[in-house]
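Peer 1: I have a structure here, written as structure tokens, and I will follow up with some questions on it.
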Amino acid sequence: MVSYDVEEHGDRLVITLDPGEPVGLEDLADSFASLARMYERHYRSNDEAAPKLFVTRLETGSVIAEIAPYGIMMGGIALMDGGLIVTDFANRVWRGISYFSGERNEVQKLEPPTKQDAADLKEFMKPLTGKTGARLGVKHARYEKTDGDKRTVVEYNFDEAEINKASINMEQAIALPAPKAEPEPTESGIRSEVMLFLEQANRGPGKEKGRTGDRGRIPEVSDKVLPVYFRQSIQDLKERMMQGEENPLNLVFVVDVHVQRIDGEPKGYTVVEIHESNQRDDE
């Protein structure tokens, strides 16, 4: 028989879902299931299953769940040494939500979540989305073995506005088409990590279509200087190019672009992602 005795010490992920109104049981189950999917995706070791997440305590009022990683061992379960796991997972959840809810200058410092993570985080927040006064808390807590007291290691909180903004931006990110496979030279499609030399740029916002004053050259595609457009996203791609003290015309940008072609000839570029920039070394 499997024993489920829970030790009263160790690290816990404490999730507070406060929608300000009753939550449907199915919605709550889906919310925590999405969190479990995201956890399992990132915490496998050498293709082995990640330690299972168990709810060790539920509190009334808001939905407050304490979650800890346990391993199945010797016919029972054992609390894993989960300090690093809980710290990293709490931080991963915070970074994912913050990427979609934060201010643009803050977002640029964070690694973009994958579409899978964005979809799971959106499902995780679903019981709170659109609810007046909703609040989400993600906390790494530690129970001390000596006296059982709980102390907070780190805590992140999101309010109603941040939850709703994140949900909207996640939906937009999930809806963006996945990059296509590397196309043949005569086809239109996404070219990944190519060098873009801006030869002309104005200070206005980047355009996705129409007349544009932004022009550039991608030697891997063509030696011609062609119109440059920017895919609209939660991050202003052109602003990322223009920010900073360095003149963008003195830089080379490593980008993903959609090559627009007519009768096989490249006629323009649409920047879909910016990876890095470096000082130009024109001959």
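Convention: chains lettered A, B, ... in structure tokens order; per-chain residue numbering from 1; ligands numbered from 1 as shown.
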Do you know which residues are at most 12 Å from stretch 154-164 of chain A counting only C-alpha atoms, after dropping those on the same chain fewer than 5 positions away, and could you put them as an MDAnalysis selection string?

Peer 2: chainID A and resid 11:20 83 86:103 121:142 169:171

Peer 1: Report as a ChimeraX atom specification all protein, DNA and RNA residues lying within 7 Å of A:Val228, evaluated on only C-alpha atoms, omitting residues in the same chain fewer than 6 positions from it.

Peer 2: /A:214-216,268-270

Peer 1: Could you turn the residues from that selection into a file that holds N, CA, C and O atoms, as a PDB file, in the first residue's frame?

Peer 2:
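This is the output file selection.pdb:
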```pdb
ATOM      1  N   ASP A 214      11.652  53.252 -44.092  1.00  0.00           N
ATOM      2  CA  ASP A 214      12.699  52.362 -43.596  1.00  0.00           C
ATOM      3  C   ASP A 214      13.150  51.430 -44.709  1.00  0.00           C
ATOM      4  O   ASP A 214      12.335  50.753 -45.351  1.00  0.00           O
ATOM      5  N   ARG A 215      14.439  51.403 -44.956  1.00  0.00           N
ATOM      6  CA  ARG A 215      14.972  50.575 -46.043  1.00  0.00           C
ATOM      7  C   ARG A 215      16.254  49.910 -45.575  1.00  0.00           C
ATOM      8  O   ARG A 215      17.003  50.471 -44.765  1.00  0.00           O
ATOM      9  N   GLY A 216      16.489  48.708 -46.079  1.00  0.00           N
ATOM     10  CA  GLY A 216      17.676  47.985 -45.647  1.00  0.00           C
ATOM     11  C   GLY A 216      18.113  46.944 -46.646  1.00  0.00           C
ATOM     12  O   GLY A 216      17.461  46.698 -47.670  1.00  0.00           O
ATOM     13  N   GLY A 268      10.832  43.207 -50.572  1.00  0.00           N
ATOM     14  CA  GLY A 268      10.776  43.839 -49.265  1.00  0.00           C
ATOM     15  C   GLY A 268      10.968  42.818 -48.164  1.00  0.00           C
ATOM     16  O   GLY A 268      10.944  41.604 -48.392  1.00  0.00           O
ATOM     17  N   TYR A 269      11.187  43.324 -46.950  1.00  0.00           N
ATOM     18  CA  TYR A 269      11.404  42.466 -45.790  1.00  0.00           C
ATOM     19  C   TYR A 269      10.457  42.872 -44.666  1.00  0.00           C
ATOM     20  O   TYR A 269      10.233  44.066 -44.431  1.00  0.00           O
ATOM     21  N   THR A 270       9.926  41.880 -43.952  1.00  0.00           N
ATOM     22  CA  THR A 270       9.169  42.145 -42.735  1.00  0.00           C
ATOM     23  C   THR A 270       9.913  41.500 -41.573  1.00  0.00           C
ATOM     24  O   THR A 270      10.060  40.268 -41.516  1.00  0.00           O
TER      25      THR A 270
END
```

Peer 1: Would you mind reading off the distance between atom CA of A:Glu239 and atom CA of A:Ile262, one decimal, in Å?

Peer 2: 28.4 Å

Peer 1: Here is a test: counting only C-alpha atoms, which residue of A:Asp281, A:Glu26, A:Asp236, A:Glu111 is nearest to A:Lys207?

Peer 2: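 When distances to A:Lys207 are compared using only C-alpha atoms, the smallest one comes from A:Asp236.
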
Peer 1: Excluding A:Gln116 and residues on its chain fewer than 4 positions from it, collect all residues at most 10 Å away from it, counting only C-alpha atoms, and give them as a PyMOL selection string.

Peer 2: chain A and resi 34+37-38+41+120-122+174

Peer 1: Have a look at A:Ser31, A:Ser277, A:Phe54, A:Ala119 and name the one nearest to A:Gln243; count only C-alpha atoms.

Peer 2: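 With only C-alpha atoms as the atom set, the closest residue is A:Ser277.
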
Peer 1: Find the residues near stretch 55-57 of chain A: any atom within 6 Å, counting only C-alpha atoms, skip ones fewer than 4 places away on the same chain, and give them as number ranges by chain.

Peer 2: A: 65-67

Peer 1: Write a file of the selected residues as a PDB file, in the first residue's frame, keeping N, CA, C and O atoms.

Peer 2:
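The new file again.pdb reads:
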```
ATOM      1  N   ALA A  65      -3.156  27.164  -2.445  1.00  0.00           N
ATOM      2  CA  ALA A  65      -2.665  25.795  -2.511  1.00  0.00           C
ATOM      3  C   ALA A  65      -1.166  25.779  -2.281  1.00  0.00           C
ATOM      4  O   ALA A  65      -0.423  26.553  -2.890  1.00  0.00           O
ATOM      5  N   GLU A  66      -0.715  24.898  -1.393  1.00  0.00           N
ATOM      6  CA  GLU A  66       0.707  24.667  -1.201  1.00  0.00           C
ATOM      7  C   GLU A  66       1.079  23.420  -1.979  1.00  0.00           C
ATOM      8  O   GLU A  66       0.469  22.367  -1.833  1.00  0.00           O
ATOM      9  N   ILE A  67       2.095  23.547  -2.852  1.00  0.00           N
ATOM     10  CA  ILE A  67       2.466  22.484  -3.774  1.00  0.00           C
ATOM     11  C   ILE A  67       3.939  22.150  -3.575  1.00  0.00           C
ATOM     12  O   ILE A  67       4.772  23.052  -3.449  1.00  0.00           O
TER      13      ILE A  67
END
```

Peer 1: Report, in Å to a single decimal, how far apart atom CA of A:Gln200 and atom CA of A:Val255 are.

Peer 2: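 Interatomic distance here is 16.7 Å.
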
Peer 1: Residues near A:Val257, anyone? I mean within 6 Å using only C-alpha atoms, not counting same-chain ones fewer than 4 positions away, as a tab-separated table (two decimals) with N, CA, C and O atoms, in the first residue's frame.

Peer 2:
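Wrote out30.tsv, looks like this:
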```tsv
chain	number	residue	atom	x	y	z
A	190	ILE	N	10.03	32.70	-44.11
A	190	ILE	CA	10.83	33.21	-43.01
A	190	ILE	C	12.29	32.81	-43.20
A	190	ILE	O	12.61	31.66	-43.43
A	191	ARG	N	13.18	33.78	-43.13
A	191	ARG	CA	14.62	33.52	-43.11
A	191	ARG	C	15.09	33.80	-41.70
A	191	ARG	O	14.86	34.89	-41.16
A	270	THR	N	9.93	41.88	-43.95
A	270	THR	CA	9.17	42.14	-42.74
A	270	THR	C	9.91	41.50	-41.57
A	270	THR	O	10.06	40.27	-41.52
A	271	VAL	N	10.41	42.33	-40.66
A	271	VAL	CA	11.15	41.83	-39.49
A	271	VAL	C	10.16	41.23	-38.51
A	271	VAL	O	9.18	41.87	-38.11
A	272	VAL	N	10.40	39.96	-38.12
A	272	VAL	CA	9.50	39.29	-37.17
A	272	VAL	C	10.17	39.05	-35.83
A	272	VAL	O	9.50	38.78	-34.83
```

Peer 1: For a quick check of understanding, using only C-alpha atoms, which of A:Ala118, A:Phe230, A:Phe197, A:Arg203 has the smallest distance to A:Ala166?

Peer 2: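 Under the stated criterion, the closest residue is A:Ala118.
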
Peer 1: Do you have the atom CA of A:Pro205-atom CA of A:Pro248 distance handy?

Peer 2: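 A separation of 14.4 Å between them.
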